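Enquirer: Have a peek at final-v6.txt (compact mmCIF, C-alpha atoms).
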# COMPACT_ATOMS: atom_id res chain seq x y z
CA MET A 256 -77.88 261.51 170.93
CA PRO A 257 -76.98 262.43 167.33
CA ASP A 258 -79.16 259.80 165.64
CA ARG A 259 -82.37 260.95 167.30
CA LYS A 260 -84.37 262.85 164.72
CA LYS A 261 -87.76 264.32 164.12
CA VAL A 262 -90.32 262.02 162.53
CA LEU A 263 -93.54 262.54 160.62
CA VAL A 264 -95.87 259.65 161.35
CA ASP A 265 -98.75 258.30 159.28
CA THR A 266 -101.89 256.73 160.72
CA SER A 267 -101.01 253.07 160.14
CA CYS A 268 -97.87 253.30 162.27
CA LEU A 269 -99.84 254.84 165.13
CA ILE A 270 -102.55 252.17 164.90
CA VAL A 271 -100.10 249.27 164.76
CA LEU A 272 -97.91 250.51 167.61
CA LYS A 273 -100.99 251.23 169.73
CA LYS A 274 -102.31 247.69 169.14
CA LEU A 275 -98.90 246.30 170.12
CA ASP A 276 -98.85 248.56 173.20
CA ARG A 277 -95.59 250.05 171.86
CA LEU A 278 -96.64 253.60 170.93
CA SER A 279 -94.10 254.95 173.44
CA LEU A 280 -91.27 253.65 171.24
CA LEU A 281 -91.74 256.69 169.02
CA ASN A 282 -91.08 259.00 171.96
CA GLU A 283 -88.11 256.92 173.12
CA LEU A 284 -86.48 256.75 169.67
CA TYR A 285 -87.06 260.22 168.27
CA ASP A 286 -86.68 263.82 169.43
CA GLU A 287 -89.98 264.95 168.03
CA VAL A 288 -93.02 263.03 166.80
CA ILE A 289 -95.30 264.90 164.42
CA VAL A 290 -98.66 264.10 162.84
CA THR A 291 -101.01 266.21 160.75
CA PRO A 292 -104.59 267.10 161.68
CA GLN A 293 -105.71 264.66 158.98
CA VAL A 294 -103.66 261.80 160.48
CA LEU A 295 -105.00 262.66 163.92
CA LYS A 296 -108.57 262.51 162.60
CA GLU A 297 -107.94 259.15 160.86
CA TYR A 298 -106.35 257.75 164.02
CA GLY A 299 -109.44 258.73 165.99
CA LEU A 300 -107.94 258.30 169.45
CA GLU A 301 -106.26 260.68 171.83
CA LEU A 302 -102.50 260.86 171.40
CA PRO A 303 -99.93 261.45 174.15
CA GLU A 304 -98.85 265.04 174.75
CA TRP A 305 -95.43 264.34 173.23
CA VAL A 306 -97.04 263.99 169.77
CA LYS A 307 -97.19 267.35 168.00
CA VAL A 308 -99.75 268.26 165.37
CA LYS A 309 -98.51 270.27 162.41
CA ASP A 310 -100.45 271.15 159.27
CA THR A 311 -98.97 271.75 155.85
CA SER A 312 -98.71 275.24 154.47
CA ASN A 313 -98.32 273.78 150.98
CA ARG A 314 -101.95 273.25 149.98
CA THR A 315 -101.01 272.78 146.32
CA ALA A 316 -98.77 269.80 147.09
CA HIS A 317 -101.40 268.37 149.45
CA ASP A 318 -104.14 268.69 146.83
CA LEU A 319 -101.97 267.10 144.14
CA LEU A 320 -101.08 264.21 146.43
CA LEU A 321 -104.77 263.75 147.25
CA THR A 322 -105.38 262.73 143.64
CA GLN A 323 -103.34 259.57 144.31
CA LEU A 324 -103.39 259.01 148.07
CA GLY A 325 -105.65 259.16 151.09
CA ASN A 326 -105.90 262.33 153.14
CA GLY A 327 -103.53 261.19 155.89
CA GLU A 328 -100.76 260.08 153.54
CA ALA A 329 -101.17 263.17 151.34
CA SER A 330 -100.96 265.51 154.32
CA ILE A 331 -97.96 263.87 155.96
CA ILE A 332 -96.02 263.76 152.67
CA ALA A 333 -96.87 267.43 152.06
CA VAL A 334 -95.43 268.31 155.49
CA ALA A 335 -92.37 266.15 154.73
CA LEU A 336 -91.78 268.20 151.58
CA GLU A 337 -91.51 271.26 153.84
CA HIS A 338 -89.25 269.49 156.37
CA ARG A 339 -86.91 267.31 154.32
CA LYS A 340 -84.61 266.54 157.26
CA HIS A 341 -87.46 264.80 159.10
CA ILE A 342 -87.95 261.06 158.67
CA LEU A 343 -91.29 260.02 157.21
CA ILE A 344 -92.85 256.86 158.66
CA LEU A 345 -95.14 255.30 156.05
CA ASP A 346 -96.34 251.74 155.50
CA ASP A 347 -98.64 252.09 152.48
CA ALA A 348 -96.82 250.83 149.35
CA LYS A 349 -98.18 253.49 147.00
CA ALA A 350 -97.40 256.31 149.46
CA ARG A 351 -93.87 254.91 149.98
CA LYS A 352 -93.30 254.82 146.22
CA ILE A 353 -94.35 258.46 145.89
CA ALA A 354 -92.24 259.53 148.89
CA THR A 355 -89.24 257.73 147.39
CA ARG A 356 -89.73 259.52 144.06
CA LEU A 357 -89.86 262.80 145.99
CA GLU A 358 -86.54 261.85 147.64
CA LEU A 359 -87.90 262.00 151.18
CA GLN A 360 -86.24 260.21 154.10
CA LEU A 361 -88.38 257.17 154.72
CA THR A 362 -88.91 254.25 157.05
CA GLY A 363 -91.90 252.19 158.08
CA THR A 364 -93.33 250.68 161.23
CA LEU A 365 -91.05 247.67 160.75
CA GLY A 366 -88.06 250.01 160.56
CA VAL A 367 -89.12 251.61 163.85
CA LEU A 368 -89.42 248.20 165.50
CA ALA A 369 -86.03 247.08 164.12
CA LYS A 370 -84.39 250.27 165.40
CA ALA A 371 -85.96 249.69 168.83
CA LYS A 372 -84.63 246.11 168.86
CA LEU A 373 -81.11 247.28 167.93
CA LYS A 374 -81.24 249.84 170.76
CA GLY A 375 -82.28 247.16 173.28
CA MET A 376 -85.84 248.43 173.74
CA ILE A 377 -87.33 245.17 172.43
CA ASP A 378 -86.16 241.74 173.56
CA ASN A 379 -87.66 239.56 170.85
CA LEU A 380 -88.63 241.11 167.52
CA SER A 381 -89.69 237.76 166.09
CA THR A 382 -92.55 237.53 168.59
CA ILE A 383 -93.63 241.09 167.80
CA LEU A 384 -93.64 240.32 164.07
CA GLU A 385 -95.84 237.28 164.76
CA ASN A 386 -98.19 239.53 166.75
CA LEU A 387 -98.25 241.97 163.83
CA GLU A 388 -99.22 239.21 161.43
CA ALA A 389 -102.01 238.18 163.80
CA LEU A 390 -103.28 241.78 163.47
CA ASN A 391 -103.39 241.29 159.65
CA PHE A 392 -100.29 243.44 159.07
CA ARG A 393 -98.83 241.93 155.92
CA ILE A 394 -95.15 241.04 156.02
CA SER A 395 -93.59 238.91 153.30
CA ASP A 396 -91.49 235.98 154.46
CA HIS A 397 -88.52 237.49 152.63
CA LEU A 398 -88.85 240.83 154.42
CA LYS A 399 -89.38 239.11 157.76
CA ARG A 400 -86.16 237.11 157.29
CA GLN A 401 -84.25 240.25 156.21
CA ILE A 402 -85.34 242.17 159.29
CA LEU A 403 -84.64 239.33 161.70
CA LYS A 404 -81.16 238.88 160.17
CA ALA A 405 -80.49 242.61 160.42
CA VAL A 406 -81.29 242.63 164.14
CA GLY A 407 -79.39 239.43 164.89
CA GLU A 408 -82.34 237.12 165.54
CA LEU A 409 -81.70 234.92 162.50
CA ASP A 410 -78.53 233.53 160.95
Take the structure from the file and write it as structure tokens.
Expert:
Amino acid sequence: MPDRKKVLVDTSCLIVLKKLDRLSLLNELYDEVIVTPQVLKEYGLELPEWVKVKDTSNRTAHDLLLTQLGNGEASIIAVALEHRKHILILDDAKARKIATRLELQLTGTLGVLAKAKLKGMIDNLSTILENLEALNFRISDHLKRQILKAVGELD
């Protein structure tokens, strides 16, 4: 499948998908799922064997990013700088802004869920978004409408 790519995943995506019992979507959608040791530590739970752990060799970039971001976000962005063809999955607004400025390929947990819906892996994204909101995952009404329109659940 040509659109299956390698992804670098931050902690929040792992936590949210785990709470939704949808962590396996990452394995179904992407060829390779990568986290850093720092993300793994923040996540705090065992991950499936299909998740690979890769550390950055660019300590300077990591240390610079640490001045503005948490350890997980800094480490995963540092790895993304070394692997620019990989897609970075980030939800934190500040981390997303930095990743955008660094011209990294970017999506978020909502993008993963929308892609899964478009591929027929999710029947009703609206219900999942409601479940996300119940978990205190903030989604603006505007963004929610945009996503539901994009996946054909809203006119």
Enquirer: Name the residues in contact with range 318-331 of chain A at a cut-off of 12 Å, using all atoms listed in the file, excluding same-chain residues fewer than 3 positions from it; report them as a ChimeraX atom specification.
Expert: /A:262-269,288-299,308-315,334-339,341-354,357,359,361
Enquirer: When you look at Asp410 in chain A with a cut-off of 12 Å (counting all atoms listed in the file), what residues show up, excluding the ones that are within fewer than 5 positions of it in the same chain? I need them as a VMD selection string.
Expert: chain A and resid 400 to 405
Enquirer: Could you produce a table of the residues of range 258-283 of chain A lying within 8 Å of range 367-390 of chain A, with the nearest pair of atoms per residue and their separation in Å rounded to one decimal, using only C-alpha atoms, ordered by chain and increasing residue number, as JSON lines?
Expert:
{"residue": "A:Val271", "atom": "CA", "partner": "A:Leu387", "partner_atom": "CA", "distance": 7.6}
{"residue": "A:Leu275", "atom": "CA", "partner": "A:Asn386", "partner_atom": "CA", "distance": 7.6}
{"residue": "A:Leu280", "atom": "CA", "partner": "A:Ala371", "partner_atom": "CA", "distance": 7.0}
{"residue": "A:Leu281", "atom": "CA", "partner": "A:Val367", "partner_atom": "CA", "distance": 7.7}
Enquirer: Using all atoms of range 305-321 of chain A that appear in the file, construct an axis-aligned enclosing box with 8 Å of padding on every side and provide its centre coordinates and edge lengths in Å, rounded to one decimal, as JSON.
Expert:
{"center_x": -100.1, "center_y": 269.5, "center_z": 158.7, "size_x": 25.3, "size_y": 27.5, "size_z": 45.1}
Enquirer: Select, from A:Leu365, A:Leu300, A:Ala333, A:Leu409, the residue with the minimum atom-to-atom distance to Lys273 in chain A, counting all atoms listed in the file.
Expert: A:Leu300
Enquirer: Take CA of Glu287 in chain A and CA of Arg356 in chain A and report the distance between them in Å, one decimal.
Expert: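 That distance, rounded to one decimal, is 24.6 Å.
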Enquirer: For CA of Arg393 in chain A and CA of Lys307 in chain A, quote the distance in Å rounded to one decimal.
Expert: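 These atoms are spaced 28.2 Å apart.
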